[in-house]
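The data block below is final-v1.cif; it holds mmCIF, C-alpha atoms and all ligand atoms.
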```cif
data_query
loop_
_atom_site.label_atom_id
_atom_site.label_comp_id
_atom_site.auth_asym_id
_atom_site.auth_seq_id
_atom_site.Cartn_x
_atom_site.Cartn_y
_atom_site.Cartn_z
CA ILE A 207 -1.97 0.87 -13.99
CA LEU A 208 -3.13 -0.61 -10.70
CA PHE A 209 -2.30 0.62 -7.20
CA GLN A 210 -1.43 -1.54 -4.24
CA PRO A 211 -1.79 0.16 -0.84
CA ILE A 212 0.99 0.30 1.76
CA LEU A 213 -0.34 0.73 5.32
CA ASP A 214 1.01 1.49 8.76
CA ALA A 215 0.52 -0.58 11.91
CA GLN A 216 -2.74 1.27 12.68
CA GLY A 217 -4.15 0.33 9.30
CA GLN A 218 -3.82 3.88 7.96
CA LEU A 219 -2.85 4.23 4.33
CA TYR A 220 0.65 5.50 3.76
CA SER A 221 1.39 5.11 0.08
CA LEU A 222 0.04 3.67 -3.16
CA GLU A 223 2.46 1.65 -5.28
CA ALA A 224 1.80 1.95 -8.98
CA LEU A 225 1.97 -1.48 -10.64
CA ALA A 226 1.76 -2.01 -14.38
CA ARG A 227 -0.60 -4.63 -15.76
CA TRP A 228 -1.35 -5.50 -19.33
CA ARG A 229 -4.88 -6.74 -19.90
CA HIS A 230 -4.20 -9.39 -22.55
CA PRO A 231 -7.34 -10.48 -24.45
CA ARG A 232 -6.62 -14.19 -24.00
CA ARG A 233 -4.04 -14.50 -21.25
CA GLY A 234 -5.63 -12.21 -18.67
CA LEU A 235 -3.65 -9.80 -16.53
CA LEU A 236 0.08 -9.89 -17.21
CA GLY A 237 2.76 -8.47 -14.94
CA PRO A 238 5.53 -6.12 -16.07
CA GLU A 239 8.27 -8.82 -16.06
CA LEU A 240 6.76 -10.19 -19.24
CA PHE A 241 6.05 -7.11 -21.29
CA LEU A 242 9.06 -5.09 -20.13
CA ASP A 243 11.32 -7.98 -21.16
CA LEU A 244 9.59 -8.06 -24.51
CA ALA A 245 10.02 -4.32 -24.95
CA GLU A 246 13.69 -4.46 -23.93
CA ARG A 247 14.21 -7.10 -26.58
CA TYR A 248 12.90 -4.73 -29.24
CA ARG A 249 14.94 -1.89 -27.70
CA GLN A 250 11.76 -0.13 -26.66
CA GLY A 251 12.26 -0.62 -22.94
CA GLY A 252 13.03 3.06 -22.28
CA LEU A 253 10.04 4.18 -24.29
CA LEU A 254 7.70 1.82 -22.49
CA SER A 255 8.94 2.76 -19.03
CA ASP A 256 8.41 6.45 -19.91
CA GLU A 257 4.86 5.63 -20.87
CA LEU A 258 4.36 3.69 -17.65
CA MET A 259 5.85 6.48 -15.55
CA ASN A 260 3.53 9.04 -17.12
CA LEU A 261 0.57 6.73 -16.87
CA SER A 262 1.31 6.16 -13.17
CA LEU A 263 1.37 9.91 -12.54
CA SER A 264 -1.77 10.68 -14.52
CA THR A 265 -3.73 7.77 -13.07
CA TYR A 266 -2.70 8.73 -9.53
CA ARG A 267 -3.72 12.31 -10.29
CA GLN A 268 -7.16 11.13 -11.38
CA LEU A 269 -7.72 9.85 -7.87
CA ASP A 270 -7.87 13.51 -6.85
CA ASP A 271 -8.90 13.97 -3.25
CA LEU A 272 -8.78 10.22 -2.69
CA SER A 273 -5.01 10.31 -2.85
CA ALA A 274 -4.67 13.45 -0.73
CA GLY A 275 -2.05 12.89 1.93
CA LEU A 276 -0.86 9.64 0.37
CA ARG A 277 2.51 9.03 -1.16
CA LEU A 278 2.97 7.53 -4.61
CA SER A 279 5.55 4.78 -5.06
CA ILE A 280 6.89 4.25 -8.56
CA ASN A 281 9.06 1.34 -9.72
CA LEU A 282 11.98 2.42 -11.88
CA PRO A 283 13.57 -0.25 -14.08
CA PRO A 284 17.39 -0.29 -14.39
CA SER A 285 17.21 1.03 -17.96
CA LYS A 286 15.41 4.16 -16.76
CA LEU A 287 17.61 4.78 -13.73
CA SER A 288 20.60 4.89 -16.05
CA ASP A 289 18.88 7.22 -18.53
CA VAL A 290 20.32 10.75 -18.74
CA GLN A 291 16.81 12.03 -19.45
CA LEU A 292 15.31 10.56 -16.27
CA ILE A 293 15.23 13.72 -14.16
CA ALA A 294 13.96 15.95 -16.96
CA ASP A 295 11.24 13.42 -17.88
CA LEU A 296 10.17 12.93 -14.30
CA CYS A 297 10.09 16.66 -13.53
CA ARG A 298 8.06 17.35 -16.65
CA GLY A 299 5.57 14.67 -15.68
CA LEU A 300 5.27 15.90 -12.09
CA GLU A 301 4.76 19.45 -13.24
CA ARG A 302 2.16 18.49 -15.83
CA HIS A 303 0.14 16.68 -13.21
CA GLY A 304 0.73 19.19 -10.43
CA LEU A 305 2.43 16.69 -8.12
CA GLU A 306 5.10 17.58 -5.57
CA PRO A 307 8.34 15.58 -5.71
CA GLY A 308 8.19 15.27 -1.90
CA ARG A 309 5.27 12.87 -2.25
CA ILE A 310 7.08 10.47 -4.54
CA THR A 311 8.97 7.34 -3.54
CA ILE A 312 11.17 5.85 -6.24
CA GLU A 313 11.52 2.07 -5.89
CA ILE A 314 14.66 0.60 -7.36
CA THR A 315 16.06 -2.90 -7.10
CA GLU A 316 19.56 -3.93 -6.26
CA ARG A 317 19.91 -5.00 -9.88
CA SER A 318 19.70 -1.36 -11.03
CA VAL A 319 22.89 -0.61 -9.42
CA LEU A 320 24.84 -3.41 -10.94
CA LEU A 321 25.03 -1.00 -13.85
CA HIS A 322 26.56 1.34 -11.35
CA ASN A 323 27.84 4.25 -13.39
CA ALA A 324 28.09 8.03 -13.30
CA VAL A 325 24.58 8.53 -14.70
CA VAL A 326 22.98 6.30 -12.07
CA THR A 327 24.87 8.11 -9.32
CA ALA A 328 23.91 11.55 -10.63
CA ASN A 329 20.27 10.54 -11.09
CA LEU A 330 20.02 9.20 -7.54
CA ARG A 331 21.59 12.37 -6.14
CA GLN A 332 19.19 14.58 -8.07
CA LEU A 333 16.13 12.52 -7.13
CA ARG A 334 17.12 13.00 -3.52
CA GLU A 335 17.84 16.71 -3.96
CA LEU A 336 14.39 17.17 -5.48
CA GLY A 337 12.92 15.67 -2.33
CA MET A 338 11.92 12.24 -3.61
CA ALA A 339 12.49 9.23 -1.38
CA ILE A 340 14.53 6.26 -2.60
CA SER A 341 13.35 2.77 -1.70
CA LEU A 342 15.37 -0.41 -2.14
CA ASP A 343 12.87 -3.00 -3.41
CA ASP A 344 13.12 -6.79 -2.99
CA PHE A 345 15.68 -6.12 -0.29
CA GLY A 346 17.82 -9.05 0.71
CA THR A 347 17.63 -10.97 -2.54
CA GLY A 348 20.40 -9.24 -4.50
CA TYR A 349 23.97 -10.27 -3.99
CA SER A 350 25.57 -7.15 -2.57
CA SER A 351 22.89 -5.42 -0.57
CA LEU A 352 25.10 -4.25 2.28
CA SER A 353 27.61 -2.31 0.21
CA LEU A 354 24.69 -0.93 -1.79
CA LEU A 355 23.32 0.72 1.32
CA SER A 356 26.27 3.05 1.58
CA THR A 357 26.34 3.62 -2.17
CA LEU A 358 22.64 4.34 -2.56
CA GLN A 359 21.79 5.73 0.85
CA PRO A 360 18.12 4.79 0.44
CA ASP A 361 15.40 6.27 2.66
CA GLU A 362 13.47 3.04 2.76
CA VAL A 363 14.00 -0.71 2.38
CA LYS A 364 11.31 -3.12 1.26
CA ILE A 365 11.83 -6.57 2.71
CA ASP A 366 11.34 -9.09 -0.06
CA LYS A 367 8.19 -11.18 0.11
CA SER A 368 10.15 -14.44 0.06
CA PHE A 369 11.36 -13.69 3.62
CA VAL A 370 7.97 -12.47 4.77
CA MET A 371 6.17 -15.53 3.48
CA ALA A 372 8.70 -17.87 5.12
CA LEU A 373 8.50 -16.21 8.54
CA HIS A 374 6.35 -18.87 10.24
CA HIS A 375 8.25 -21.94 9.23
CA ASP A 376 11.79 -20.73 8.60
CA ASP A 377 13.87 -19.57 11.51
CA TYR A 378 16.52 -18.18 9.16
CA ALA A 379 13.96 -15.96 7.48
CA ARG A 380 12.90 -14.67 10.87
CA GLN A 381 16.48 -13.88 11.88
CA ILE A 382 17.11 -12.16 8.55
CA VAL A 383 14.06 -9.94 8.96
CA THR A 384 15.16 -9.18 12.52
CA LEU A 385 18.56 -8.13 11.23
CA ILE A 386 17.14 -5.97 8.45
CA VAL A 387 14.88 -4.14 10.90
CA GLU A 388 17.69 -3.62 13.39
CA MET A 389 20.03 -2.34 10.70
CA ALA A 390 17.33 -0.07 9.27
CA GLN A 391 16.70 1.43 12.70
CA ARG A 392 20.37 2.25 13.12
CA MET A 393 20.44 3.88 9.71
CA ASN A 394 17.16 5.68 10.23
CA LEU A 395 15.49 3.95 7.30
CA VAL A 396 11.80 3.22 6.87
CA VAL A 397 11.05 -0.51 6.74
CA VAL A 398 8.26 -1.85 4.54
CA ALA A 399 7.36 -5.55 4.41
CA GLU A 400 5.82 -6.81 1.18
CA GLY A 401 3.89 -10.04 0.71
CA VAL A 402 1.95 -9.83 3.99
CA GLU A 403 -0.72 -12.44 3.30
CA ASN A 404 -2.25 -13.08 6.71
CA GLU A 405 -2.82 -11.81 10.22
CA ARG A 406 -0.13 -14.06 11.60
CA SER A 407 2.59 -12.57 9.37
CA LEU A 408 1.38 -9.11 10.26
CA ARG A 409 1.63 -9.79 14.02
CA LEU A 410 5.10 -11.30 13.65
CA LEU A 411 6.33 -8.35 11.58
CA GLN A 412 4.83 -5.83 13.99
CA GLY A 413 6.58 -7.62 16.82
CA LEU A 414 9.87 -7.31 14.96
CA GLY A 415 9.40 -3.56 14.54
CA VAL A 416 8.43 -3.22 10.88
CA HIS A 417 6.76 0.16 10.15
CA TYR A 418 4.73 -0.43 7.01
CA PHE A 419 2.99 -3.37 5.39
CA GLN A 420 1.80 -4.37 1.94
CA GLY A 421 0.18 -7.56 0.74
CA PHE A 422 -2.93 -9.55 0.01
CA HIS A 423 -3.91 -9.49 3.70
CA PHE A 424 -4.79 -5.83 3.17
CA SER A 425 -5.35 -5.52 -0.53
CA CYS A 426 -4.25 -6.78 -3.91
CA PRO A 427 -3.39 -4.17 -6.55
CA LEU A 428 -6.57 -2.16 -7.33
CA SER A 429 -7.79 -0.10 -10.25
CA PRO A 430 -8.75 3.54 -9.59
CA ALA A 431 -12.42 2.51 -9.77
CA GLU A 432 -11.85 -0.22 -7.18
CA LEU A 433 -9.87 2.16 -4.98
CA ARG A 434 -12.70 4.64 -5.05
CA VAL A 435 -15.01 2.17 -3.29
CA SER A 436 -12.33 0.52 -1.15
CA PRO A 437 -12.98 0.71 2.60
CA LEU A 438 -9.22 1.27 3.05
CA LEU A 439 -9.38 4.59 1.28
CA GLN A 440 -12.62 5.65 2.91
CA ARG A 441 -11.00 5.07 6.28
CA ALA A 442 -7.94 7.08 5.28
CA ARG A 443 -10.15 9.96 4.29
CA LEU A 444 -12.16 9.90 7.50
CA GLY A 445 -8.95 9.65 9.51
CA GLY A 446 -7.81 12.81 7.76
CA SER A 447 -4.19 11.76 7.99
CA THR A 448 -1.93 14.25 6.27
CA THR A 449 1.41 12.74 7.15
CA VAL A 450 3.15 12.08 3.88
CA SER A 451 6.76 12.15 4.99
CA PRO A 452 8.43 8.94 6.06
CA PRO A 453 9.20 8.97 9.82
CA GLY A 454 12.97 8.89 9.35
CA ALA A 455 13.07 11.58 6.66
CA SER A 456 15.05 14.72 7.24
O1 LIG B 1 8.83 -7.75 -5.27
P1 LIG B 1 8.02 -7.12 -6.37
O2 LIG B 1 8.00 -5.62 -6.33
O3 LIG B 1 8.39 -7.67 -7.72
O4 LIG B 1 6.56 -7.63 -6.06
C1 LIG B 1 5.42 -6.98 -6.53
C2 LIG B 1 4.42 -8.01 -6.96
O5 LIG B 1 4.01 -8.83 -5.86
C3 LIG B 1 3.16 -7.37 -7.50
O6 LIG B 1 3.01 -7.78 -8.82
C4 LIG B 1 2.04 -7.85 -6.62
O7 LIG B 1 0.89 -8.21 -7.37
C5 LIG B 1 2.61 -9.05 -5.92
N1 LIG B 1 2.10 -9.13 -4.55
C6 LIG B 1 1.60 -8.12 -3.82
N2 LIG B 1 1.22 -8.52 -2.60
C7 LIG B 1 1.45 -9.83 -2.56
C8 LIG B 1 1.24 -10.83 -1.54
O8 LIG B 1 0.76 -10.59 -0.44
N3 LIG B 1 1.62 -12.10 -1.87
C9 LIG B 1 2.18 -12.41 -3.07
N4 LIG B 1 2.53 -13.69 -3.30
N5 LIG B 1 2.38 -11.52 -4.05
C10 LIG B 1 2.03 -10.24 -3.79
MN MN B 2 8.00 -2.54 -5.93
#
```

What is this file in structure tokens?
Amino acid sequence: ILFQPILDAQGQLYSLEALARWRHPRRGLLGPELFLDLAERYRQGGLLSDELMNLSLSTYRQLDDLSAGLRLSINLPPSKLSDVQLIADLCRGLERHGLEPGRITIEITERSVLLHNAVVTANLRQLRELGMAISLDDFGTGYSSLSLLSTLQPDEVKIDKSFVMALHHDDYARQIVTLIVEMAQRMNLVVVAEGVENERSLRLLQGLGVHYFQGFHFSCPLSPAELRVSPLLQRARLGGSTTVSPPGAS
């Protein structure tokens, strides 16, 4: 499990997103698309995502005081969001590692909700009741994002990196980001931009009113050992920031 930082406009750390990587002996670091697909094919997808969820919690916990005041963002695959055991599993994990639900952001994609069923609805309601924040990942790339907003009532949207990376040369991308930010403000949602690769993107996004940023401009996904020596985390600790709630949260 690696963690990629999410920062605010002042460069303060806000959250760590847990990202799964498989260190393959010959093929190097592999992303989750590959091995989750493989596991789903052998009907082990649920099992693997449980393992990943627990590993994310325990690895985050190992950061101890380094992660104090920071949120943890966890990606939930569609198979897990529609699992009747989700809440029980998650609560058990949080309890075992002594983590408060209020610090957790659950990232789901629009795809999750294509399976829209009673279990998904109940799980989302309970996640929210427990105090976890719901984030809509890869926002803008699914086919029915607007109706999903009223169905899911997320706390946060993550603007997909395809829009962010096209900002400089594509006027449509810029207008789309403008619209997402404006809509998010009306709905009191936190806006995160992913795929921020340079200073220029950052300035543009700040100008458009985006709250939080993630991308190679700040940091690639880091191991706990790398995080420990990262200047980003040292700065967060010196800053002593303890704000863990998203600005729009009630
Ligand atoms: O949208 P999604 O959640 O699938 O994207 C997460 C992936 O994007 C991670 O695997 C991460 O390594 C990668 N990523 C993170 N920051 C950047 C970035 O600035 N540029 C690009 N191209 N990819 C990034
Ligand atoms: Mn994500």

Determine, counting only C-alpha atoms, which protein, DNA and RNA residues have an atom within 12 Å of an atom of Arg406 of chain A; residues of the same chain fewer than 2 positions away are not included. Present the result as a list in words.
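Skipping anything fewer than 2 positions along the chain leaves Val370, Met371, Ala372, Leu373, His374, His375, Val402, Glu403, Asn404, Leu408, Arg409, Leu410, Leu411, Gln412, Gly413 and His423 of chain A.
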
Select, counting all atoms listed in the file, all protein, DNA and RNA residues no farther than 10 Å from (14.1, -12.5, 8.2) in file coordinates, and express the selection as a VMD selection string.
chain A and resid 346 365 to 366 368 to 373 376 to 387 411 414

Can you pull out the residues contacting segment 278-281 of chain A? Cut-off 7 Å, using all atoms listed in the file, and skip same-chain residues under 5 positions away; I want them as an mmCIF file with C-alpha atoms, keeping the file's coordinate frame.
```cif
data_model
loop_
_atom_site.group_PDB
_atom_site.id
_atom_site.type_symbol
_atom_site.label_atom_id
_atom_site.label_comp_id
_atom_site.auth_asym_id
_atom_site.auth_seq_id
_atom_site.Cartn_x
_atom_site.Cartn_y
_atom_site.Cartn_z
ATOM 1 C CA SER A 221 1.390 5.110 0.080
ATOM 2 C CA LEU A 222 0.040 3.670 -3.160
ATOM 3 C CA GLU A 223 2.460 1.650 -5.280
ATOM 4 C CA ALA A 224 1.800 1.950 -8.980
ATOM 5 C CA ARG A 309 5.270 12.870 -2.250
ATOM 6 C CA ILE A 310 7.080 10.470 -4.540
ATOM 7 C CA THR A 311 8.970 7.340 -3.540
ATOM 8 C CA ILE A 312 11.170 5.850 -6.240
ATOM 9 C CA GLU A 313 11.520 2.070 -5.890
ATOM 10 C CA ILE A 314 14.660 0.600 -7.360
#
```

Throw together the list of residues within 7 Å of ligand LIG 1 (chain B), counting only C-alpha atoms and all ligand atoms, and drop it here as a PDB file with C-alpha atoms, keeping the file's coordinate frame.
```pdb
ATOM      1  CA  LEU A 225       1.970  -1.480 -10.640  1.00  0.00           C
ATOM      2  CA  GLY A 237       2.760  -8.470 -14.940  1.00  0.00           C
ATOM      3  CA  ASP A 343      12.870  -3.000  -3.410  1.00  0.00           C
ATOM      4  CA  ASP A 344      13.120  -6.790  -2.990  1.00  0.00           C
ATOM      5  CA  ASP A 366      11.340  -9.090  -0.060  1.00  0.00           C
ATOM      6  CA  LYS A 367       8.190 -11.180   0.110  1.00  0.00           C
ATOM      7  CA  GLU A 400       5.820  -6.810   1.180  1.00  0.00           C
ATOM      8  CA  GLY A 401       3.890 -10.040   0.710  1.00  0.00           C
ATOM      9  CA  VAL A 402       1.950  -9.830   3.990  1.00  0.00           C
ATOM     10  CA  GLU A 403      -0.720 -12.440   3.300  1.00  0.00           C
ATOM     11  CA  GLN A 420       1.800  -4.370   1.940  1.00  0.00           C
ATOM     12  CA  GLY A 421       0.180  -7.560   0.740  1.00  0.00           C
ATOM     13  CA  PHE A 422      -2.930  -9.550   0.010  1.00  0.00           C
ATOM     14  CA  HIS A 423      -3.910  -9.490   3.700  1.00  0.00           C
ATOM     15  CA  CYS A 426      -4.250  -6.780  -3.910  1.00  0.00           C
ATOM     16  CA  PRO A 427      -3.390  -4.170  -6.550  1.00  0.00           C
TER      17      PRO A 427
END
```

Which is closer to ligand MN 2 (chain B) than all the others in A:Val398, A:Leu219, A:Ala328, A:Leu428, using all atoms listed in the file?
A:Val398

Within 12 Å of segment 257-262 of chain A using only C-alpha atoms, minus same-chain residues under 6 positions, as a ChimeraX atom specification:
/A:207-209,222-228,238,241-242,245,250-251,268-269,278-283,286,292-293,295-303,305,310,312,429-430

With distances taken over all atoms listed in the file, which residue among A:Glu335, A:Glu306, A:Glu316, A:Asp289 lies nearest ligand MN 2 (chain B)?
A:Glu316

Selected residue of minimal separation from ligand MN 2 (chain B) among A:Phe424, A:Phe345, A:Tyr418, A:Tyr266, counting all atoms listed in the file
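Nearest to ligand MN 2 (chain B): A:Phe345.
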
Pick out the closest residue to Leu439 of chain A from this set: A:Leu263, A:Leu213, A:Leu272, A:Met338. Count all atoms listed in the file.
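When distances to Leu439 of chain A are compared using all atoms listed in the file, the smallest one comes from A:Leu272.
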
Quote the spacing between atom CA of Gln440 of chain A and atom CA of Thr265 of chain A in Å to one decimal place.
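According to the coordinates, atom CA of Gln440 of chain A and atom CA of Thr265 of chain A are separated by 18.4 Å.
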
Which residue is closest to ligand MN 2 (chain B)? Choose from A:Ser288, A:Asn323, A:Gln391, A:Gln210 and count only C-alpha atoms and all ligand atoms.
A:Gln210

Atom CA of Pro284 of chain A sits from atom CA of Thr327 of chain A at a separation of 12.3 Å

Å distance separating atom CA of Ser407 of chain A from atom CA of Ala215 of chain A, one decimal place:
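One can read the atom CA of Ser407 of chain A to atom CA of Ala215 of chain A distance as 12.4 Å.
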
Neighbour list for Met389 of chain A as a PyMOL selection string, cut-off 12 Å, only C-alpha atoms, skip fewer than 4 positions in-chain:
chain A and resi 352+355+362-363+382-385+393-397+415-416

Out of A:Gln359, A:Ser255, A:Ser285, A:Ser318, which residue has the shortest atom-to-atom distance to Ile340 of chain A when counting all atoms listed in the file?
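Closest to Ile340 of chain A, using all atoms listed in the file: A:Gln359.
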